[in-house]
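So the structure is just underneath, and the comments pick up after that.
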Amino acid sequence: MQVFATKSRHSQPITHFYHIPKQGLTPCGCGFVLLHIKYTTMKIIGTGSSHPERKVTNHDLAQFLDTSDEWIATRTGIRERRILTKDNITDLAVEAAIDALNNSQKEPGQIDYIICSNIINDYLTPGLSAIIQSKIGTHCPCLDINTACTGFVYALQLAESLQVAGMAKNILIICAEEVSKMVDWTDRASCILFGDAAAAAVVAPGDNLIKIKTDCIDCGDVIISGSRHEKTPFDTEGNDKYFPLAMNGREVYKHAVTIATYKIESILKECGMAHSDITYYLLHQANLRISEAIRTHIGEDESKFPSNIESFGNMSSAGIPCLLDDLNKGGKLKEGDRLLLCAFGAGFTTGTCIIDW
Ligand code: COA
C-alpha cells in the first residue's frame with residue numbers, strides 16, 4: 001500500500017511516499033491513506049580522511065611538463081597535491097573510514113549501510129565499498145556510486161533516502177579517488193589539477209539536514225574518460241575504447257561558475273534563507289578561481305569559503321568531505337553552524353545541500 005505523508009521543514013512542505021503495512025489504516029477513496037508523520041533527518045556525526053604520502057609540487061611537475069609553479073598557482077590556486085605511488089586507494093579508503101568511525105564513536109558493527117563514491121580503483125568488480133566492508137569488519141549492504149566530483153552530495157542524498165525509507169540508520173559514506181591513474185600526464189592543461197585522497201563521514205538519524213538537491217544536465221563531453229573493454233567475438237574493436245581523462249577546461253570553468261552560483265541561490269531561496277544565514281560554504285575544490293568567481297557572485301566574505309586546494313589539488317568527490325574533516329578536526333565547527341555544500345563534476349552533475357552541524 002502506498003501512503004502519502006508530508007512534513008514541514010523550514011516552511012517548505014516536502015512530500016514522500018511510503019510503503020507500510022495495511023493494518024490499522026483506512027484507505028481513502030483514491031486508494032491512498034493520508035498520514036502526517038513527524039520524522040527527523042540525518043546528522044553528520046563523524047568525519048575522517050587520508051592522503052597518500054607522496055607530495056608532488058608544481059616544481060616537480062615542471063621537471064617533465066612545459067609548465068611552472070607561477071602558471072599553475074595563478075590559474076588554479078594549487079601549489080602541491082598528493083599522488084599515490086606504492087600506497088593504494090583501498091588502504092586510503094579504509095583509513096579514512098576508520099578515522100570517521102572513531103570520530104563518530106561508532107563501531108563497525110553499528111553501521112547499517114556503506115556508500116562509496118569512486119570513479120576508478122584497482123578492480124572493476126567487486127565494488128570498492130565491498131572491499132572496504134570486508135577490511136573494516138562490517139556485514140551490511142554496500143553500494144558504489146560514480147557521480148564524479150559530486151559524489152559526496154549524492155551519497156548524502158542516498159543516505160537520507162535510506163533513513164527515510166527505514167532501511168538504515170547509521171551510514172558510512174566514503175569518497176575515494178585516484179584521479180592520478182586516469183589523467184594523461186602529458187596533458188599540462190589537466191594533469192596539473194588533480195590529487196588523490198579518501199575522505200569519509202558517518203551519518204546518523206538527526207534533525208540537521210535542511211535541504212538536499214541533485215541534478216545532471218547533459219554535457220557529457222566536457223570531462224570524459226574511456227574505460228578498457230575486452231574484445232569479444234562480436235565486437236572486435238572493444239579494446240580500443242580506453243582513453244585518459246580529456247577535459248575542455250574553459251567550458252568546465254564556465255559551467256561550474258554559472259551552474260553552482262545558480263544552485264546556491266536557488267537552494268537558499270527555496271529554504272527562505274539569506275547568504276548571511278550560512279556559516280560556511282563548502283564548494284567542490286576544483287580550482288580556486290572557480291570558487292572565487294562563485295564567491296564574488298554571492299558577495300560573501302572569503303572567510304566563509306574554506307579551501308584546501310592549495311595543498312591537495314582537485315580530489316574529485318573526496319574534496320568536500322576532506323574539507324569538512326579539516327574543519328571538524330581543526331575545531332572550526334560548532335553546534336548549529338550552518339553549512340552549504342555545493343559540488344559539480346563530470347556529467348555534468350551537481351549537488352547542493354544545506355546541513356547544520
Ligand atoms: N602550464 C603552462 N601553460 C599552460 C598550462 C600549464 N599547465 N596549461 C595550459 N597552458 C597554456 C595553454 O596551452 C594556452 O597556451 P596558448 O595560449 O599558447 O595556446 C594557455 O595556457 C591558455 O590556455 P587555457 O586553456 O585557455 O587556460 P585557462 O586560463 O583556461 O586555464 C585551466 C586552464 C584548466 C586552469 C582552466 O580552464 C580551468 O581551471 N578550468 C576548469 C577545470 C576544472 O576545474 N576541472 C575539474 C572540474 S570538476
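Each chain of the C-alpha cells is named A, B, ... in the order shown, its residues numbered from 1; ligands are numbered from 1 in display order.
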Handout entry: Residues within 8 Å of ligand 1, counting only C-alpha atoms and all ligand atoms, as a ChimeraX atom specification
Key = /A:65-68,71-72,75-76,148-149,187-193,223,247-254,256,284-287,289-290,314,316,344-346
Export of the given selection (C-alpha atoms) as a CSV table (one decimal), in the first residue's frame:
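part_5.csv was written with the following content:
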```csv
chain,number,residue,atom,x,y,z
A,65,LEU,CA,55.9,19.3,-18.3
A,66,ASP,CA,56.2,22.7,-20.0
A,67,THR,CA,54.7,24.5,-17.1
A,68,SER,CA,55.7,26.5,-14.0
A,71,TRP,CA,51.3,29.4,-14.1
A,72,ILE,CA,49.6,26.7,-12.1
A,75,ARG,CA,45.4,29.9,-12.7
A,76,THR,CA,44.3,27.3,-10.2
A,148,ALA,CA,32.3,12.1,-10.3
A,149,CYS,CA,33.2,15.1,-8.2
A,187,ASP,CA,48.4,17.0,-20.9
A,188,ARG,CA,49.6,20.0,-19.0
A,189,ALA,CA,46.1,21.6,-19.0
A,190,SER,CA,44.5,18.8,-17.0
A,191,CYS,CA,47.1,16.6,-15.1
A,192,ILE,CA,48.2,19.6,-13.0
A,193,LEU,CA,44.8,19.9,-11.4
A,223,ILE,CA,35.1,16.0,-18.8
A,247,MET,CA,38.7,18.0,-20.4
A,248,ASN,CA,37.6,21.2,-22.0
A,249,GLY,CA,38.9,23.4,-19.2
A,250,ARG,CA,37.2,26.6,-20.4
A,251,GLU,CA,33.8,25.0,-20.8
A,252,VAL,CA,34.1,23.3,-17.4
A,253,TYR,CA,35.0,26.7,-15.9
A,254,LYS,CA,32.0,28.4,-17.4
A,256,ALA,CA,30.9,25.3,-13.0
A,284,HIS,CA,33.9,21.4,-4.6
A,285,GLN,CA,37.6,22.1,-4.6
A,286,ALA,CA,38.1,22.2,-8.4
A,287,ASN,CA,40.0,25.4,-8.9
A,289,ARG,CA,39.5,30.7,-9.4
A,290,ILE,CA,36.1,28.9,-9.8
A,314,ASN,CA,41.2,18.7,-7.0
A,316,SER,CA,37.2,14.8,-7.1
A,344,PHE,CA,29.8,19.8,-9.6
A,345,GLY,CA,31.5,17.4,-11.9
A,346,ALA,CA,31.5,15.2,-15.0
```
Practice task
Write out as a VMD selection string all residues of stretch 69-315 of chain A that DSSP puts in helix (DSSP H, G or I) for this structure's backbone.
Solution key: chain A and resid 69 to 76 89 to 104 108 to 110 128 to 136 148 to 164 179 to 181 191 to 193 238 to 241 249 to 270 275 to 277 288 to 298 302 to 304 309 to 312
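Restricting the calculation to only C-alpha atoms, the smallest distance between A:Ser180 and any of A:Tyr154, A:Phe194, A:Trp357, A:Phe312 is found for A:Phe194.
Atom CA of A:Val56 is found 19.4 Å from atom CA of A:Ala199.
Look at A:Arg54: the protein and nucleic acid residues within 7 Å of it, using only C-alpha atoms and passing over chain neighbours fewer than 6 places away, are Arg82, Ile83, Leu84 and Thr85 of chain A.
For the choices A:Lys231, A:Lys135, A:His51, A:Lys329, the atom-to-atom distance to A:Ala100 is smallest for A:Lys329 when using only C-alpha atoms.
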Fill in the blank from the handout: If you count only C-alpha atoms, the residue of A:Pro52, A:Gly195, A:Gly109, A:Gly127 closest to A:Glu310 turns out to be A:Gly195
Exercise for the section: Skip A:Phe152 itself and residues of its chain fewer than 6 positions away, then list as a list in words all residues within 8 Å of it, counting only C-alpha atoms. Expected result: Ser117, Ile173, Ile174, Cys175, Ser317, Ala318, Ile320 and Pro321 of chain A
Exercise for the section: Fewer than 3 positions away in the same chain doesn't count, so skip those; otherwise give me all residues within 10 Å of A:Glu107, counting only C-alpha atoms, as a PyMOL selection string. Expected result: chain A and resi 98+101-102+104+110-111+136-138
Restrict the selected residues to N, CA and C atoms and save them as an mmCIF file, in the first residue's frame.
```
data_model
loop_
_atom_site.group_PDB
_atom_site.id
_atom_site.type_symbol
_atom_site.label_atom_id
_atom_site.label_comp_id
_atom_site.auth_asym_id
_atom_site.auth_seq_id
_atom_site.Cartn_x
_atom_site.Cartn_y
_atom_site.Cartn_z
ATOM 1 N N ILE A 98 37.938 4.266 8.932
ATOM 2 C CA ILE A 98 38.192 4.005 10.358
ATOM 3 C C ILE A 98 38.303 5.324 11.127
ATOM 4 N N LEU A 101 34.822 6.503 11.641
ATOM 5 C CA LEU A 101 34.138 5.678 12.662
ATOM 6 C C LEU A 101 34.606 6.082 14.054
ATOM 7 N N ASN A 102 35.917 6.237 14.234
ATOM 8 C CA ASN A 102 36.447 6.652 15.548
ATOM 9 C C ASN A 102 35.896 8.008 15.945
ATOM 10 N N SER A 104 33.170 9.328 15.081
ATOM 11 C CA SER A 104 31.723 9.272 15.372
ATOM 12 C C SER A 104 31.426 8.411 16.598
ATOM 13 N N GLN A 110 27.951 -1.276 14.072
ATOM 14 C CA GLN A 110 26.764 -0.407 14.195
ATOM 15 C C GLN A 110 26.392 0.262 12.872
ATOM 16 N N ILE A 111 27.200 0.010 11.839
ATOM 17 C CA ILE A 111 26.920 0.628 10.533
ATOM 18 C C ILE A 111 25.916 -0.241 9.761
ATOM 19 N N ILE A 136 37.030 -3.512 7.100
ATOM 20 C CA ILE A 136 36.711 -2.889 8.392
ATOM 21 C C ILE A 136 35.815 -3.790 9.255
ATOM 22 N N GLY A 137 35.366 -4.898 8.693
ATOM 23 C CA GLY A 137 34.647 -5.877 9.502
ATOM 24 C C GLY A 137 33.178 -5.585 9.727
ATOM 25 N N THR A 138 32.503 -5.057 8.705
ATOM 26 C CA THR A 138 31.043 -4.919 8.811
ATOM 27 C C THR A 138 30.402 -5.949 7.896
#
```
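Taking atom CA of A:Leu245 and atom CA of A:Asn118 as endpoints, the distance between them is 15.0 Å.
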I'd like the neighbourhood of stretch 302-306 of chain A as a tab-separated table (two decimals) with N, CA and C atoms, in the first residue's frame, where a residue qualifies if any of its atoms comes within 7 Å (using only C-alpha atoms), though same-chain residues fewer than 2 positions away should be ignored.
```tsv
chain	number	residue	atom	x	y	z
A	279	THR	N	27.04	29.66	7.63
A	279	THR	CA	28.32	29.86	8.34
A	279	THR	C	29.49	29.61	7.39
A	280	TYR	N	29.43	28.47	6.69
A	280	TYR	CA	30.50	28.14	5.73
A	280	TYR	C	29.89	27.62	4.42
A	281	TYR	N	30.46	28.04	3.32
A	281	TYR	CA	30.13	27.46	2.01
A	281	TYR	C	31.25	26.48	1.68
A	282	LEU	N	30.91	25.21	1.57
A	282	LEU	CA	31.92	24.20	1.21
A	282	LEU	C	31.74	23.85	-0.26
A	300	GLU	N	29.87	37.17	-0.58
A	300	GLU	CA	30.13	36.87	0.84
A	300	GLU	C	31.64	36.90	1.11
```
Practice task
Determine which residues of stretch 149-281 of chain A receive a DSSP assignment of strand (DSSP E), computed from the backbone, and state them as a PyMOL selection string.
Solution key: chain A and resi 171-177+197-206+209-216+223-226+243-247+280-281
For those residues, write N, CA and C atoms to a file as an mmCIF file, in the first residue's frame.
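Once everything was written out, this is selection11.cif:
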```
data_model
loop_
_atom_site.group_PDB
_atom_site.id
_atom_site.type_symbol
_atom_site.label_atom_id
_atom_site.label_comp_id
_atom_site.auth_asym_id
_atom_site.auth_seq_id
_atom_site.Cartn_x
_atom_site.Cartn_y
_atom_site.Cartn_z
ATOM 1 N N ILE A 171 24.991 5.321 8.586
ATOM 2 C CA ILE A 171 25.509 5.054 7.237
ATOM 3 C C ILE A 171 26.919 5.635 7.117
ATOM 4 N N LEU A 172 27.804 4.816 6.588
ATOM 5 C CA LEU A 172 29.190 5.247 6.379
ATOM 6 C C LEU A 172 29.352 5.639 4.913
ATOM 7 N N ILE A 173 29.755 6.881 4.703
ATOM 8 C CA ILE A 173 29.997 7.368 3.335
ATOM 9 C C ILE A 173 31.510 7.524 3.160
ATOM 10 N N ILE A 174 32.018 6.952 2.082
ATOM 11 C CA ILE A 174 33.455 7.103 1.804
ATOM 12 C C ILE A 174 33.603 7.633 0.373
ATOM 13 N N CYS A 175 34.429 8.631 0.204
ATOM 14 C CA CYS A 175 34.748 9.133 -1.134
ATOM 15 C C CYS A 175 36.227 8.843 -1.360
ATOM 16 N N ALA A 176 36.523 7.964 -2.307
ATOM 17 C CA ALA A 176 37.909 7.521 -2.507
ATOM 18 C C ALA A 176 38.275 7.714 -3.973
ATOM 19 N N GLU A 177 39.256 8.557 -4.222
ATOM 20 C CA GLU A 177 39.528 8.936 -5.604
ATOM 21 C C GLU A 177 41.026 8.884 -5.922
ATOM 22 N N ALA A 197 43.059 11.072 -2.889
ATOM 23 C CA ALA A 197 42.697 11.165 -1.464
ATOM 24 C C ALA A 197 41.483 10.300 -1.183
ATOM 25 N N ALA A 198 41.260 10.053 0.093
ATOM 26 C CA ALA A 198 39.998 9.441 0.531
ATOM 27 C C ALA A 198 39.499 10.222 1.735
ATOM 28 N N ALA A 199 38.187 10.384 1.802
ATOM 29 C CA ALA A 199 37.584 11.063 2.960
ATOM 30 C C ALA A 199 36.268 10.374 3.256
ATOM 31 N N ALA A 200 35.847 10.452 4.511
ATOM 32 C CA ALA A 200 34.649 9.700 4.910
ATOM 33 C C ALA A 200 33.824 10.481 5.916
ATOM 34 N N ALA A 201 32.562 10.077 6.036
ATOM 35 C CA ALA A 201 31.683 10.671 7.052
ATOM 36 C C ALA A 201 30.709 9.604 7.514
ATOM 37 N N VAL A 202 30.327 9.666 8.780
ATOM 38 C CA VAL A 202 29.272 8.780 9.291
ATOM 39 C C VAL A 202 28.051 9.644 9.536
ATOM 40 N N VAL A 203 26.915 9.206 9.000
ATOM 41 C CA VAL A 203 25.677 9.937 9.265
ATOM 42 C C VAL A 203 24.740 9.064 10.083
ATOM 43 N N ALA A 204 23.974 9.719 10.934
ATOM 44 C CA ALA A 204 23.029 9.017 11.809
ATOM 45 C C ALA A 204 21.719 9.794 11.795
ATOM 46 N N PRO A 205 20.638 9.218 12.346
ATOM 47 C CA PRO A 205 19.398 9.988 12.398
ATOM 48 C C PRO A 205 19.601 11.266 13.199
ATOM 49 N N GLY A 206 19.010 12.326 12.758
ATOM 50 C CA GLY A 206 19.159 13.612 13.440
ATOM 51 C C GLY A 206 18.159 14.570 12.836
ATOM 52 N N LEU A 209 19.640 17.964 8.491
ATOM 53 C CA LEU A 209 19.634 18.206 7.042
ATOM 54 C C LEU A 209 18.427 19.075 6.700
ATOM 55 N N ILE A 210 18.696 20.225 6.141
ATOM 56 C CA ILE A 210 17.604 21.148 5.836
ATOM 57 C C ILE A 210 17.074 20.900 4.434
ATOM 58 N N LYS A 211 17.953 20.811 3.482
ATOM 59 C CA LYS A 211 17.506 20.508 2.109
ATOM 60 C C LYS A 211 18.681 19.950 1.315
ATOM 61 N N ILE A 212 18.358 19.034 0.405
ATOM 62 C CA ILE A 212 19.410 18.473 -0.451
ATOM 63 C C ILE A 212 18.849 18.286 -1.851
ATOM 64 N N LYS A 213 19.642 18.707 -2.852
ATOM 65 C CA LYS A 213 19.159 18.626 -4.227
ATOM 66 C C LYS A 213 20.288 18.137 -5.133
ATOM 67 N N THR A 214 19.958 17.265 -6.060
ATOM 68 C CA THR A 214 20.961 16.826 -7.034
ATOM 69 C C THR A 214 20.387 16.998 -8.432
ATOM 70 N N ASP A 215 21.264 16.987 -9.392
ATOM 71 C CA ASP A 215 20.828 17.279 -10.750
ATOM 72 C C ASP A 215 21.882 16.750 -11.722
ATOM 73 N N CYS A 216 21.505 16.618 -12.985
ATOM 74 C CA CYS A 216 22.504 16.286 -14.009
ATOM 75 C C CYS A 216 22.022 16.854 -15.338
ATOM 76 N N ILE A 223 34.087 16.748 -19.551
ATOM 77 C CA ILE A 223 35.099 15.960 -18.818
ATOM 78 C C ILE A 223 34.749 14.509 -19.096
ATOM 79 N N ILE A 224 35.657 13.767 -19.689
ATOM 80 C CA ILE A 224 35.297 12.401 -20.102
ATOM 81 C C ILE A 224 36.547 11.522 -20.130
ATOM 82 N N SER A 225 36.363 10.245 -19.790
ATOM 83 C CA SER A 225 37.453 9.285 -19.873
ATOM 84 C C SER A 225 36.866 7.947 -20.301
ATOM 85 N N GLY A 226 37.568 7.226 -21.179
ATOM 86 C CA GLY A 226 37.030 5.957 -21.669
ATOM 87 C C GLY A 226 37.565 4.783 -20.869
ATOM 88 N N PHE A 243 40.550 5.713 -23.189
ATOM 89 C CA PHE A 243 41.349 6.936 -23.385
ATOM 90 C C PHE A 243 41.396 7.668 -22.054
ATOM 91 N N PRO A 244 42.521 8.355 -21.772
ATOM 92 C CA PRO A 244 42.628 9.034 -20.483
ATOM 93 C C PRO A 244 41.701 10.243 -20.409
ATOM 94 N N LEU A 245 41.631 10.807 -19.207
ATOM 95 C CA LEU A 245 40.717 11.922 -18.982
ATOM 96 C C LEU A 245 40.980 13.071 -19.961
ATOM 97 N N ALA A 246 39.925 13.484 -20.628
ATOM 98 C CA ALA A 246 40.017 14.637 -21.526
ATOM 99 C C ALA A 246 39.053 15.701 -21.013
ATOM 100 N N MET A 247 39.501 16.931 -21.028
ATOM 101 C CA MET A 247 38.681 17.976 -20.417
ATOM 102 C C MET A 247 38.752 19.250 -21.250
ATOM 103 N N TYR A 280 29.435 28.469 6.685
ATOM 104 C CA TYR A 280 30.497 28.145 5.725
ATOM 105 C C TYR A 280 29.886 27.616 4.420
ATOM 106 N N TYR A 281 30.456 28.036 3.324
ATOM 107 C CA TYR A 281 30.134 27.463 2.009
ATOM 108 C C TYR A 281 31.251 26.478 1.679
#
```
